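Participant: This structure is in structure tokens; I'll ask about it shortly.
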Amino acid sequence: MIAEAGLAALWLGAALCALQLVAAAFAVVGKAELAGIVRPVAIAQAALTALAFGLLIWLFVKVDLSVALVFENDSSEKPFLYRFAATWGNHEGSMLMWVAILGVAGAAVALFERKLEERTLLATLGGQAVIGLGFYAFLLFASNPFARLYPVPPEGKGLNPLLQDPGLAFHPPTLYLGYVGLSVAFSFAIGALVTRDVGPAFARAMRPWVLGAWIFLTLGITAGSYWAYYELGWGGWWFWDPVENASLMPWLAATALLHSVTVLATRDGLRAWTLMLAVIAFSMSMVGTFLVRSGILTSVHAFAVDPRRGTFLLVLLFLYIGGALALFGARVGTVREGARFDPVSREAGLVANNLLLSAILGIVLVGTLYPLVLEASTGTKISVGPPYFDAAAGPLALIMVVIMAAGPLLRWRRDNLTPLLKRIAPATILALVVLIAVKLAAPGTSLLSLLGLALAAGLALASVAPLWRRNLLRTPLFVWGMVVAHLGIAVSLAGMACDSSFTVEKLVAARVGETVSIGPYAVTLDAIDPTFGPGWQALQATLLARRGDGDTLTLQPQARTYWAPPTDTSETAIHTAIDGQLYTVLGKQAADGRWQLRLWWKPFVTLIWAGGALVAIGGALALAGRLWRGRRKPAEAWA
Amino acid sequence: MKAKNQRLTLALLAVLAIIAAALLALSALKDQAAYFYTPSDVARDHVEPGTAVRLGGMVEKGSLKRLPDGVTISFVVTDNAASVPVRFKGIVPALFREGSGVVADGKFDSAGRFAADTILAKHDERYMPPEVAGAMHKSESLKK
């Protein structure tokens, strides 16, 4: 019954979505009779999809094996957390989560958006309904999560062991909130193009939504990176895997959008460009969804291969992106360009930031899609990996860091080069000092890492410079937000540079009792024992690590074997010290009885994720500042 | 500067940035993309030693050897028509075994031996890298 109720809720939600579209369309062309129902319908639609999603969670938690999806991905042997999170650890469930978040995002706009002009708001909700309809159709016709199974099997197949991790409860929902949250920015742009209402008021209305989605994307990417780092046991934190790129591309576009929408809100500039970015940002989310969900790539993220689904998603992708770009092309001529600015000004800095982010986005997009297009058109198989992305995107990212350091020190509208150079002098000097110090201390450091460390130091100082001689208590929250977010980038960059240059790696075959030195640690293989847990058994190494005369640490990496479904994984054991991480992996037994151990000492690697968290906190501060300020002084144009 | 001129300048800058990025991307792609080879491809086309390539096929039965250092293995990748000797230092994936599909990233040395940096194999019962599946399929159709 519950599965049927879920399916009924989905169909009803789809019908309401169609109604939302029709009512909004009528309201926008001037027939106001139906205008009053758009908001309630959007809210009811969201409630229905949320209900459907809730029912699917219920089926998973209760392990109702008469539902095919539950049988394929769930097992009553699993602990509660994995039965719960298994709901979205599969294709259909994750698409339902996608649609539910889309509905809820639309409902949030209907409930909370008060700044936007009414007609634009209705057009926005219409746009949200257009996106919704396509994905409802995808769910109902190509990915029904509630399909029944008969006869009912006695036990489920269980969740992919690589996904059996607390990360599954956090990473996909956060990332999806970011991905799908960008649909609001997309719909805002559609709404504004339909009603030709683009200006500072529109930008101020759109900004919190972009910020919100961007915060979740940042968190989702940071969490995903750390998850891959400790789960895969390869010692890396970013692999330039197409699936990772699929989450990075919307983030790059959303970051650019976040900055251009500020120019629009503050100075009424970059009108057309901001709309374009809003379209691109969500288009990248959809490209990402297509890459991950179509089965065109095989990874732990791609759950099922069904060519029908790929085609369906590709058609949706072309319809939405093509439609939005056509609307943009048709209407952009009537969007007047806003205020002018000087080549040396805050606006110019933000334009440079936008161009660089777009260029990096282009490079990632080319590297991700080129192998797919090449294989589809000529059958030639190539793989594009870290060497390409590092070589092409790395230099641009470093140039962007320079502009990031200078941008916040520039005045709006018009500034001069000399005072700017004076303002940025301390940061420049710090960067040079770090550059020389690192070059002397570690002559072997690669150029990219060397520049990364120097620029990170300079950027860190330059980011806090806007607080200089300011009353810190009276500094607006959104200025704090910018400072913290930029500082986060500096921290993360320092972590990346340290990891890529100073990491020590050792691969050894060790006898029990043997001691290996790695970085500042001496690691002794103390014992190898069998152990077991829910759904798996494992060989566990006990490693005793000692640093100088300090305390002895115990690390226990495992080689696990799961039986539902049958899979081997390796569980890393990581010790976090103040200045880095000791990362250990247990491998196979060599022929002579020795055990393979892979050990890394990674100085300051944690800064990478700490920086990501800072960026998200900065975003949250800015969002709180905007909302607070918006409430107090709704007409304020200053930012 | 008039508004129109400024818009034009911005548009030109954007176009320039896109072209520069595209050039950067293309040159990096040309240098850094790794092509996929089966052992038959290797036998037919000469692969320059030192070029990053991806080699896919099946681990030949009876070819897997563990070297005395305990962390290096050597094996032969075959597609039943040709074969390539491979050396790998590291921890192999759990389901890497003789007779099953494998994809190795790495370079050829001057002696025609393949030095693998990473090895992909079947992850579990349900997941197989597409290249492995493709290589298996090819070699199976050759058998017939």
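All residue names refer to the structure tokens as shown: chains lettered A, B, ... in order, residues numbered from 1 in each chain, ligands numbered from 1 in order.
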Give the alpha helix (DSSP H) residues of range 329-445 of chain A, as DSSP finds them on the backbone, and put them as a ChimeraX atom specification.
Facilitator: /A:329-331,346-378,386-406,417-441
Participant: Write out as a short mmCIF file (atom, residue, chain, number, x, y, z; two decimals) with all heavy atoms, in the first residue's frame each polymer residue whose atoms come within 12 Å of range 505-522 of chain A, counting only C-alpha atoms; drop sequence neighbours fewer than 6 positions from it.
Facilitator:
```
data_model
loop_
_atom_site.label_atom_id
_atom_site.label_comp_id
_atom_site.auth_asym_id
_atom_site.auth_seq_id
_atom_site.Cartn_x
_atom_site.Cartn_y
_atom_site.Cartn_z
N TRP A 234 43.44 5.62 -1.82
CA TRP A 234 44.45 5.94 -2.81
C TRP A 234 45.28 7.15 -2.40
O TRP A 234 46.15 7.58 -3.14
CB TRP A 234 43.80 6.22 -4.19
CG TRP A 234 43.07 5.04 -4.74
CD1 TRP A 234 43.23 3.74 -4.35
CD2 TRP A 234 42.06 5.04 -5.75
NE1 TRP A 234 42.38 2.94 -5.08
CE2 TRP A 234 41.65 3.71 -5.94
CE3 TRP A 234 41.48 6.04 -6.53
CZ2 TRP A 234 40.68 3.35 -6.87
CZ3 TRP A 234 40.51 5.68 -7.45
CH2 TRP A 234 40.12 4.34 -7.61
N GLY A 235 44.95 7.73 -1.24
CA GLY A 235 45.74 8.84 -0.74
C GLY A 235 45.45 10.17 -1.42
O GLY A 235 46.00 11.18 -1.04
N GLY A 236 44.60 10.19 -2.43
CA GLY A 236 44.31 11.44 -3.13
C GLY A 236 43.00 12.04 -2.65
O GLY A 236 42.16 11.33 -2.10
N ASP A 499 50.18 19.32 0.28
CA ASP A 499 49.95 17.91 -0.02
C ASP A 499 50.69 17.50 -1.28
O ASP A 499 51.30 16.44 -1.33
CB ASP A 499 48.45 17.64 -0.17
CG ASP A 499 48.17 16.20 -0.54
OD1 ASP A 499 48.65 15.32 0.20
OD2 ASP A 499 47.52 15.94 -1.56
N ILE A 528 48.42 -8.95 12.79
CA ILE A 528 47.36 -9.05 11.78
C ILE A 528 46.32 -10.00 12.35
O ILE A 528 46.64 -11.14 12.69
CB ILE A 528 47.90 -9.63 10.46
CG1 ILE A 528 48.99 -8.75 9.86
CG2 ILE A 528 46.77 -9.86 9.48
CD1 ILE A 528 48.55 -7.66 8.92
N ASP A 529 45.08 -9.53 12.51
CA ASP A 529 44.04 -10.36 13.11
C ASP A 529 42.79 -10.35 12.26
O ASP A 529 42.49 -9.36 11.61
CB ASP A 529 43.66 -9.81 14.49
CG ASP A 529 44.85 -9.70 15.40
OD1 ASP A 529 45.45 -10.73 15.70
OD2 ASP A 529 45.19 -8.55 15.79
N ALA A 541 45.08 -4.97 10.41
CA ALA A 541 46.46 -4.80 10.87
C ALA A 541 46.46 -3.87 12.07
O ALA A 541 45.70 -2.91 12.10
CB ALA A 541 47.30 -4.20 9.75
N THR A 542 47.28 -4.18 13.06
CA THR A 542 47.46 -3.24 14.16
C THR A 542 48.82 -2.59 13.99
O THR A 542 49.85 -3.28 14.02
CB THR A 542 47.36 -3.97 15.50
OG1 THR A 542 46.07 -4.59 15.57
CG2 THR A 542 47.50 -2.99 16.66
N LEU A 543 48.80 -1.29 13.75
CA LEU A 543 50.04 -0.56 13.53
C LEU A 543 50.28 0.34 14.74
O LEU A 543 49.38 1.02 15.20
CB LEU A 543 49.95 0.32 12.29
CG LEU A 543 49.64 -0.39 10.97
CD1 LEU A 543 49.37 0.62 9.87
CD2 LEU A 543 50.79 -1.29 10.57
N LEU A 544 51.50 0.30 15.27
CA LEU A 544 51.85 1.19 16.37
C LEU A 544 52.74 2.28 15.81
O LEU A 544 53.81 2.00 15.28
CB LEU A 544 52.58 0.42 17.47
CG LEU A 544 51.78 -0.76 18.05
CD1 LEU A 544 52.61 -1.52 19.07
CD2 LEU A 544 50.47 -0.28 18.66
N ALA A 545 52.27 3.53 15.90
CA ALA A 545 53.03 4.64 15.33
C ALA A 545 53.54 5.52 16.46
O ALA A 545 52.82 5.80 17.40
CB ALA A 545 52.14 5.45 14.39
N ARG A 546 54.80 5.93 16.33
CA ARG A 546 55.42 6.73 17.37
C ARG A 546 56.19 7.85 16.72
O ARG A 546 56.88 7.67 15.73
CB ARG A 546 56.37 5.85 18.17
CG ARG A 546 56.35 6.15 19.63
CD ARG A 546 57.33 5.23 20.29
NE ARG A 546 58.11 6.06 21.19
CZ ARG A 546 58.13 5.85 22.49
NH1 ARG A 546 57.49 4.84 23.00
NH2 ARG A 546 58.81 6.65 23.27
N ARG A 547 56.02 9.03 17.30
CA ARG A 547 56.70 10.21 16.74
C ARG A 547 57.69 10.70 17.78
O ARG A 547 57.29 11.14 18.84
CB ARG A 547 55.65 11.26 16.48
CG ARG A 547 56.17 12.47 15.78
CD ARG A 547 55.00 13.37 15.48
NE ARG A 547 55.42 14.44 14.62
CZ ARG A 547 54.59 15.24 13.99
NH1 ARG A 547 53.29 15.09 14.12
NH2 ARG A 547 55.04 16.21 13.24
N GLY A 548 58.97 10.57 17.49
CA GLY A 548 60.00 10.98 18.46
C GLY A 548 59.81 10.23 19.76
O GLY A 548 59.72 9.00 19.77
N ASP A 549 59.70 10.97 20.86
CA ASP A 549 59.51 10.33 22.16
C ASP A 549 58.05 10.38 22.58
O ASP A 549 57.73 10.15 23.76
CB ASP A 549 60.38 11.04 23.22
CG ASP A 549 61.85 10.92 22.86
OD1 ASP A 549 62.21 9.88 22.30
OD2 ASP A 549 62.61 11.87 23.12
N GLY A 550 57.16 10.72 21.67
CA GLY A 550 55.74 10.91 22.01
C GLY A 550 55.04 9.61 22.34
O GLY A 550 55.64 8.54 22.38
N ASP A 551 53.73 9.75 22.57
CA ASP A 551 52.91 8.57 22.87
C ASP A 551 52.81 7.66 21.67
O ASP A 551 52.96 8.09 20.53
CB ASP A 551 51.50 9.01 23.26
CG ASP A 551 51.50 9.80 24.56
OD1 ASP A 551 52.42 9.58 25.36
OD2 ASP A 551 50.60 10.63 24.75
N THR A 552 52.53 6.38 21.93
CA THR A 552 52.35 5.43 20.84
C THR A 552 50.88 5.46 20.40
O THR A 552 49.97 5.40 21.21
CB THR A 552 52.71 4.02 21.32
OG1 THR A 552 54.05 4.05 21.79
CG2 THR A 552 52.59 3.03 20.18
N LEU A 553 50.68 5.61 19.08
CA LEU A 553 49.32 5.63 18.53
C LEU A 553 49.02 4.26 17.96
O LEU A 553 49.92 3.58 17.49
CB LEU A 553 49.22 6.62 17.38
CG LEU A 553 49.71 8.03 17.62
CD1 LEU A 553 49.99 8.68 16.30
CD2 LEU A 553 48.64 8.77 18.39
N THR A 554 47.76 3.88 17.99
CA THR A 554 47.37 2.62 17.36
C THR A 554 46.50 2.93 16.14
O THR A 554 45.52 3.65 16.24
CB THR A 554 46.58 1.75 18.34
OG1 THR A 554 47.33 1.66 19.54
CG2 THR A 554 46.33 0.37 17.77
N HIS A 575 45.52 8.92 11.16
CA HIS A 575 45.71 9.68 12.39
C HIS A 575 45.91 11.15 12.04
O HIS A 575 46.77 11.48 11.22
CB HIS A 575 46.91 9.17 13.18
CG HIS A 575 47.26 10.08 14.33
ND1 HIS A 575 46.48 10.18 15.45
CD2 HIS A 575 48.27 10.98 14.49
CE1 HIS A 575 47.01 11.07 16.27
NE2 HIS A 575 48.09 11.58 15.72
N ALA A 577 47.19 14.66 13.06
CA ALA A 577 48.01 15.44 13.99
C ALA A 577 47.80 16.91 13.66
O ALA A 577 47.15 17.24 12.67
CB ALA A 577 49.48 15.07 13.86
N ASP A 579 49.85 18.97 12.49
CA ASP A 579 50.55 19.42 11.28
C ASP A 579 50.42 18.44 10.12
O ASP A 579 51.23 18.48 9.20
CB ASP A 579 52.03 19.64 11.61
CG ASP A 579 52.67 18.38 12.18
OD1 ASP A 579 51.92 17.47 12.58
OD2 ASP A 579 53.91 18.30 12.20
N GLY A 580 49.43 17.57 10.17
CA GLY A 580 49.25 16.69 9.01
C GLY A 580 48.55 15.39 9.38
O GLY A 580 48.05 15.24 10.50
N GLN A 581 48.50 14.48 8.43
CA GLN A 581 47.85 13.20 8.66
C GLN A 581 48.78 12.05 8.32
O GLN A 581 49.50 12.09 7.32
CB GLN A 581 46.57 13.09 7.83
CG GLN A 581 45.44 13.93 8.38
CD GLN A 581 44.13 13.65 7.69
OE1 GLN A 581 44.09 13.34 6.51
NE2 GLN A 581 43.03 13.74 8.43
N LEU A 582 48.71 11.00 9.17
CA LEU A 582 49.37 9.74 8.86
C LEU A 582 48.28 8.82 8.32
O LEU A 582 47.26 8.61 8.97
CB LEU A 582 49.98 9.16 10.13
CG LEU A 582 50.67 7.80 10.00
CD1 LEU A 582 51.87 7.91 9.08
CD2 LEU A 582 51.10 7.28 11.36
N TYR A 583 48.48 8.33 7.09
CA TYR A 583 47.42 7.65 6.35
C TYR A 583 47.91 6.23 6.04
O TYR A 583 48.98 6.08 5.44
CB TYR A 583 47.19 8.45 5.08
CG TYR A 583 46.09 8.05 4.13
CD1 TYR A 583 45.01 8.90 3.92
CD2 TYR A 583 46.15 6.88 3.38
CE1 TYR A 583 44.01 8.59 3.01
CE2 TYR A 583 45.16 6.56 2.47
CZ TYR A 583 44.09 7.42 2.29
OH TYR A 583 43.11 7.12 1.37
N THR A 584 47.20 5.21 6.49
CA THR A 584 47.71 3.85 6.32
C THR A 584 46.68 2.94 5.64
O THR A 584 45.49 3.03 5.90
CB THR A 584 48.06 3.21 7.68
OG1 THR A 584 46.86 3.15 8.46
CG2 THR A 584 49.09 4.02 8.43
N VAL A 585 47.18 2.07 4.77
CA VAL A 585 46.34 1.13 4.04
C VAL A 585 46.98 -0.26 4.13
O VAL A 585 48.19 -0.40 3.99
CB VAL A 585 46.20 1.53 2.56
CG1 VAL A 585 45.35 0.53 1.80
CG2 VAL A 585 45.62 2.92 2.42
N LEU A 586 46.15 -1.27 4.37
CA LEU A 586 46.64 -2.65 4.38
C LEU A 586 46.37 -3.29 3.02
O LEU A 586 45.26 -3.22 2.50
CB LEU A 586 45.92 -3.45 5.48
CG LEU A 586 46.20 -4.94 5.54
CD1 LEU A 586 47.64 -5.21 5.88
CD2 LEU A 586 45.27 -5.62 6.54
N GLY A 587 47.40 -3.88 2.43
CA GLY A 587 47.24 -4.51 1.13
C GLY A 587 47.16 -6.03 1.24
O GLY A 587 46.64 -6.57 2.20
N LYS A 588 47.75 -6.71 0.25
CA LYS A 588 47.68 -8.17 0.21
C LYS A 588 48.87 -8.79 0.94
O LYS A 588 49.85 -8.13 1.24
CB LYS A 588 47.71 -8.60 -1.26
CG LYS A 588 46.51 -8.14 -2.04
CD LYS A 588 46.02 -9.29 -2.86
CE LYS A 588 44.68 -9.10 -3.54
NZ LYS A 588 44.00 -7.88 -3.52
N GLN A 589 48.75 -10.09 1.13
CA GLN A 589 49.88 -10.81 1.70
C GLN A 589 50.80 -11.25 0.55
O GLN A 589 50.32 -11.82 -0.44
CB GLN A 589 49.40 -12.03 2.47
CG GLN A 589 50.51 -12.67 3.27
CD GLN A 589 49.99 -13.67 4.27
OE1 GLN A 589 48.93 -14.25 4.08
NE2 GLN A 589 50.74 -13.88 5.34
N ALA A 590 52.09 -10.95 0.69
CA ALA A 590 53.03 -11.38 -0.34
C ALA A 590 53.28 -12.88 -0.19
O ALA A 590 52.92 -13.49 0.82
CB ALA A 590 54.34 -10.60 -0.22
N ALA A 591 53.94 -13.49 -1.22
CA ALA A 591 54.11 -14.94 -1.25
C ALA A 591 54.87 -15.46 -0.03
O ALA A 591 54.58 -16.53 0.50
CB ALA A 591 54.85 -15.32 -2.53
N ASP A 592 55.85 -14.66 0.47
CA ASP A 592 56.66 -15.13 1.58
C ASP A 592 56.07 -14.78 2.94
O ASP A 592 56.77 -14.82 3.95
CB ASP A 592 58.08 -14.55 1.46
CG ASP A 592 58.04 -13.05 1.37
OD1 ASP A 592 56.92 -12.48 1.36
OD2 ASP A 592 59.11 -12.42 1.28
N GLY A 593 54.80 -14.40 2.98
CA GLY A 593 54.14 -14.15 4.26
C GLY A 593 54.22 -12.72 4.74
O GLY A 593 53.62 -12.37 5.74
N ARG A 594 54.97 -11.87 4.04
CA ARG A 594 55.00 -10.47 4.45
C ARG A 594 53.70 -9.78 4.02
O ARG A 594 53.01 -10.25 3.12
CB ARG A 594 56.20 -9.76 3.80
CG ARG A 594 57.53 -10.21 4.37
CD ARG A 594 58.68 -9.51 3.72
NE ARG A 594 58.74 -9.76 2.28
CZ ARG A 594 59.55 -9.10 1.45
NH1 ARG A 594 60.34 -8.16 1.92
NH2 ARG A 594 59.56 -9.39 0.17
N TRP A 595 53.40 -8.65 4.65
CA TRP A 595 52.15 -7.93 4.35
C TRP A 595 52.45 -6.62 3.66
O TRP A 595 53.34 -5.88 4.07
CB TRP A 595 51.36 -7.65 5.65
CG TRP A 595 50.85 -8.92 6.25
CD1 TRP A 595 51.50 -9.72 7.14
CD2 TRP A 595 49.61 -9.54 5.97
NE1 TRP A 595 50.73 -10.80 7.43
CE2 TRP A 595 49.56 -10.72 6.74
CE3 TRP A 595 48.52 -9.23 5.15
CZ2 TRP A 595 48.47 -11.58 6.71
CZ3 TRP A 595 47.45 -10.07 5.12
CH2 TRP A 595 47.42 -11.24 5.89
N GLN A 596 51.69 -6.33 2.61
CA GLN A 596 51.87 -5.05 1.92
C GLN A 596 51.24 -3.94 2.75
O GLN A 596 50.08 -4.03 3.15
CB GLN A 596 51.19 -5.08 0.56
CG GLN A 596 51.89 -6.00 -0.43
CD GLN A 596 51.24 -5.92 -1.79
OE1 GLN A 596 50.13 -5.44 -1.95
NE2 GLN A 596 51.95 -6.41 -2.80
N LEU A 597 52.01 -2.90 2.98
CA LEU A 597 51.49 -1.73 3.68
C LEU A 597 51.77 -0.52 2.81
O LEU A 597 52.85 -0.39 2.23
CB LEU A 597 52.20 -1.53 5.02
CG LEU A 597 51.90 -2.52 6.12
CD1 LEU A 597 52.79 -2.20 7.32
CD2 LEU A 597 50.43 -2.44 6.51
N ARG A 598 50.77 0.36 2.73
CA ARG A 598 51.00 1.60 2.01
C ARG A 598 50.81 2.72 3.02
O ARG A 598 49.74 2.82 3.64
CB ARG A 598 50.00 1.73 0.87
CG ARG A 598 50.43 2.73 -0.13
CD ARG A 598 49.70 2.51 -1.43
NE ARG A 598 50.29 3.38 -2.45
CZ ARG A 598 49.82 3.44 -3.68
NH1 ARG A 598 48.81 2.70 -4.04
NH2 ARG A 598 50.37 4.25 -4.55
N LEU A 599 51.85 3.53 3.20
CA LEU A 599 51.83 4.57 4.23
C LEU A 599 52.09 5.93 3.61
O LEU A 599 52.90 6.05 2.69
CB LEU A 599 52.91 4.30 5.28
CG LEU A 599 52.98 2.88 5.86
CD1 LEU A 599 54.25 2.71 6.66
CD2 LEU A 599 51.76 2.61 6.72
N TRP A 600 51.36 6.93 4.09
CA TRP A 600 51.61 8.29 3.65
C TRP A 600 51.78 9.19 4.86
O TRP A 600 51.06 9.03 5.84
CB TRP A 600 50.43 8.85 2.88
CG TRP A 600 50.27 8.47 1.46
CD1 TRP A 600 50.80 9.11 0.37
CD2 TRP A 600 49.46 7.40 0.93
NE1 TRP A 600 50.38 8.51 -0.79
CE2 TRP A 600 49.56 7.46 -0.47
CE3 TRP A 600 48.68 6.41 1.50
CZ2 TRP A 600 48.90 6.58 -1.31
CZ3 TRP A 600 48.02 5.52 0.68
CH2 TRP A 600 48.14 5.60 -0.71
N TRP A 601 52.68 10.14 4.78
CA TRP A 601 52.68 11.26 5.72
C TRP A 601 52.32 12.48 4.89
O TRP A 601 53.01 12.83 3.94
CB TRP A 601 54.05 11.42 6.39
CG TRP A 601 54.21 12.74 7.07
CD1 TRP A 601 55.13 13.70 6.76
CD2 TRP A 601 53.44 13.27 8.16
NE1 TRP A 601 54.97 14.77 7.59
CE2 TRP A 601 53.93 14.54 8.46
CE3 TRP A 601 52.35 12.78 8.91
CZ2 TRP A 601 53.40 15.35 9.47
CZ3 TRP A 601 51.82 13.56 9.92
CH2 TRP A 601 52.34 14.84 10.20
N LYS A 602 51.19 13.09 5.24
CA LYS A 602 50.67 14.20 4.43
C LYS A 602 50.62 15.46 5.27
O LYS A 602 49.65 15.70 5.98
CB LYS A 602 49.26 13.84 3.94
CG LYS A 602 49.27 12.71 2.93
CD LYS A 602 47.87 12.32 2.54
CE LYS A 602 47.86 11.66 1.19
NZ LYS A 602 48.14 12.58 0.09
N PRO A 603 51.68 16.30 5.17
CA PRO A 603 51.71 17.51 6.00
C PRO A 603 50.60 18.49 5.61
O PRO A 603 50.40 18.77 4.43
CB PRO A 603 53.08 18.11 5.70
CG PRO A 603 53.84 17.07 4.97
CD PRO A 603 52.85 16.18 4.31
N ARG B 66 54.82 -12.60 -8.42
CA ARG B 66 55.15 -11.59 -7.41
C ARG B 66 56.66 -11.50 -7.29
O ARG B 66 57.32 -12.52 -7.13
CB ARG B 66 54.53 -11.97 -6.07
CG ARG B 66 53.03 -12.01 -6.16
CD ARG B 66 52.36 -12.33 -4.85
NE ARG B 66 50.94 -12.54 -5.07
CZ ARG B 66 50.07 -11.55 -5.22
NH1 ARG B 66 50.46 -10.31 -5.13
NH2 ARG B 66 48.78 -11.81 -5.45
N LEU B 67 57.18 -10.31 -7.36
CA LEU B 67 58.63 -10.11 -7.29
C LEU B 67 59.11 -10.12 -5.84
O LEU B 67 58.32 -9.88 -4.93
CB LEU B 67 59.02 -8.82 -8.01
CG LEU B 67 59.18 -9.03 -9.53
CD1 LEU B 67 57.88 -9.41 -10.17
CD2 LEU B 67 59.79 -7.83 -10.19
N PRO B 68 60.43 -10.42 -5.64
CA PRO B 68 60.93 -10.62 -4.28
C PRO B 68 60.74 -9.43 -3.35
O PRO B 68 60.68 -9.60 -2.13
CB PRO B 68 62.44 -10.86 -4.49
CG PRO B 68 62.60 -11.22 -5.91
CD PRO B 68 61.44 -10.69 -6.66
N ASP B 69 60.62 -8.19 -3.86
CA ASP B 69 60.46 -7.05 -2.95
C ASP B 69 59.10 -7.06 -2.25
O ASP B 69 58.88 -6.28 -1.32
CB ASP B 69 60.69 -5.73 -3.69
CG ASP B 69 59.58 -5.41 -4.67
OD1 ASP B 69 58.73 -6.28 -4.91
OD2 ASP B 69 59.56 -4.29 -5.21
N GLY B 70 58.19 -7.95 -2.70
CA GLY B 70 56.92 -8.11 -2.00
C GLY B 70 55.85 -7.10 -2.41
O GLY B 70 54.69 -7.25 -2.04
N VAL B 71 56.22 -6.07 -3.16
CA VAL B 71 55.21 -5.07 -3.53
C VAL B 71 55.09 -4.90 -5.04
O VAL B 71 54.22 -4.19 -5.51
CB VAL B 71 55.52 -3.69 -2.89
CG1 VAL B 71 55.30 -3.75 -1.40
CG2 VAL B 71 56.92 -3.24 -3.22
N THR B 72 55.94 -5.56 -5.81
CA THR B 72 55.86 -5.44 -7.26
C THR B 72 55.34 -6.74 -7.85
O THR B 72 55.69 -7.83 -7.38
CB THR B 72 57.26 -5.13 -7.86
OG1 THR B 72 57.81 -4.03 -7.15
CG2 THR B 72 57.16 -4.80 -9.32
N LYS B 89 53.87 -1.69 -9.43
CA LYS B 89 54.29 -1.62 -8.04
C LYS B 89 53.17 -0.95 -7.25
O LYS B 89 52.79 0.19 -7.54
CB LYS B 89 55.57 -0.78 -7.93
CG LYS B 89 56.14 -0.77 -6.55
CD LYS B 89 57.48 -0.04 -6.51
CE LYS B 89 57.93 0.02 -5.06
NZ LYS B 89 59.10 0.83 -4.86
N GLY B 90 52.60 -1.69 -6.32
CA GLY B 90 51.51 -1.11 -5.54
C GLY B 90 50.54 -2.17 -5.07
O GLY B 90 50.80 -3.36 -5.19
N ILE B 91 49.43 -1.70 -4.51
CA ILE B 91 48.41 -2.63 -4.01
C ILE B 91 47.37 -2.79 -5.11
O ILE B 91 46.76 -1.82 -5.55
CB ILE B 91 47.78 -2.08 -2.72
CG1 ILE B 91 48.84 -2.03 -1.62
CG2 ILE B 91 46.59 -2.94 -2.31
CD1 ILE B 91 48.38 -1.42 -0.33
#
```
Participant: Give one line per residue of chain A that approaches chain B to at most 8 Å, naming the two atoms of the closest pair and their distance in Å to one decimal, counting only C-alpha atoms; sort by chain then ascending residue number and deliver it as CSV.
Facilitator:
```
residue,atom,partner,partner_atom,distance
A:Leu297,CA,B:Pro130,CA,7.8
A:Thr298,CA,B:Pro129,CA,6.0
A:Ser299,CA,B:Pro129,CA,7.4
A:Val300,CA,B:Tyr127,CA,7.8
A:Glu337,CA,B:Ala3,CA,7.6
A:Ala339,CA,B:Ala3,CA,7.5
A:Arg340,CA,B:Ala3,CA,6.0
A:Leu355,CA,B:Ala14,CA,6.4
A:Leu356,CA,B:Ala17,CA,7.7
A:Ala359,CA,B:Ala21,CA,5.5
A:Ile360,CA,B:Ala21,CA,7.5
A:Gly362,CA,B:Ala21,CA,7.1
A:Ile363,CA,B:Ala25,CA,5.6
A:Val366,CA,B:Ala25,CA,7.2
A:Gly367,CA,B:Leu29,CA,7.4
A:Thr380,CA,B:Phe36,CA,7.5
A:Lys381,CA,B:Phe36,CA,5.2
A:Ile382,CA,B:Tyr35,CA,4.1
A:Ser383,CA,B:Ala34,CA,5.1
A:Val384,CA,B:Ala33,CA,4.8
A:Gly385,CA,B:Ala33,CA,7.1
A:Pro387,CA,B:Gln32,CA,5.8
A:Tyr388,CA,B:Gln32,CA,5.1
A:Ala391,CA,B:Ala28,CA,6.5
A:Ala392,CA,B:Ala25,CA,5.8
A:Leu507,CA,B:Gly90,CA,6.8
A:Val508,CA,B:Val71,CA,6.3
A:Ala509,CA,B:Gly70,CA,5.2
A:Pro565,CA,B:Glu125,CA,7.4
A:Pro566,CA,B:Asp124,CA,6.8
A:Thr567,CA,B:Asp124,CA,5.1
A:Asp568,CA,B:Ala94,CA,5.6
A:Thr569,CA,B:Ala94,CA,6.9
A:Gly587,CA,B:Ile91,CA,5.6
A:Lys588,CA,B:Ile91,CA,7.0
A:Ala590,CA,B:Gly70,CA,5.3
A:Ala591,CA,B:Arg66,CA,7.1
A:Asp592,CA,B:Gly70,CA,7.9
A:Arg594,CA,B:Gly70,CA,7.1
A:Trp595,CA,B:Gly70,CA,7.9
A:Gln596,CA,B:Val71,CA,6.4
A:Arg598,CA,B:Ile91,CA,7.8
```
Participant: May I have the residues within 6 Å of range 110-114 of chain B as a list in words, using only C-alpha atoms and disregarding those fewer than 5 positions away in the same chain?
Facilitator: Pro49, Pro85 and Val86 of chain B
Participant: Determine the nearest neighbour of Leu51 in chain A from the options A:Ala538, A:Leu473, A:Ala5, A:Val523, counting only C-alpha atoms.
Facilitator: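 Closest to Leu51 in chain A of all the choices is A:Ala5.
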Participant: Among the residues of range 35-124 of chain B, find those DSSP assigns to strand (DSSP E) from the backbone and print them as a VMD selection string.
Facilitator: chain B and resid 35 to 37 53 to 59 65 to 66 72 to 78 83 to 89 101 to 108 114 to 121
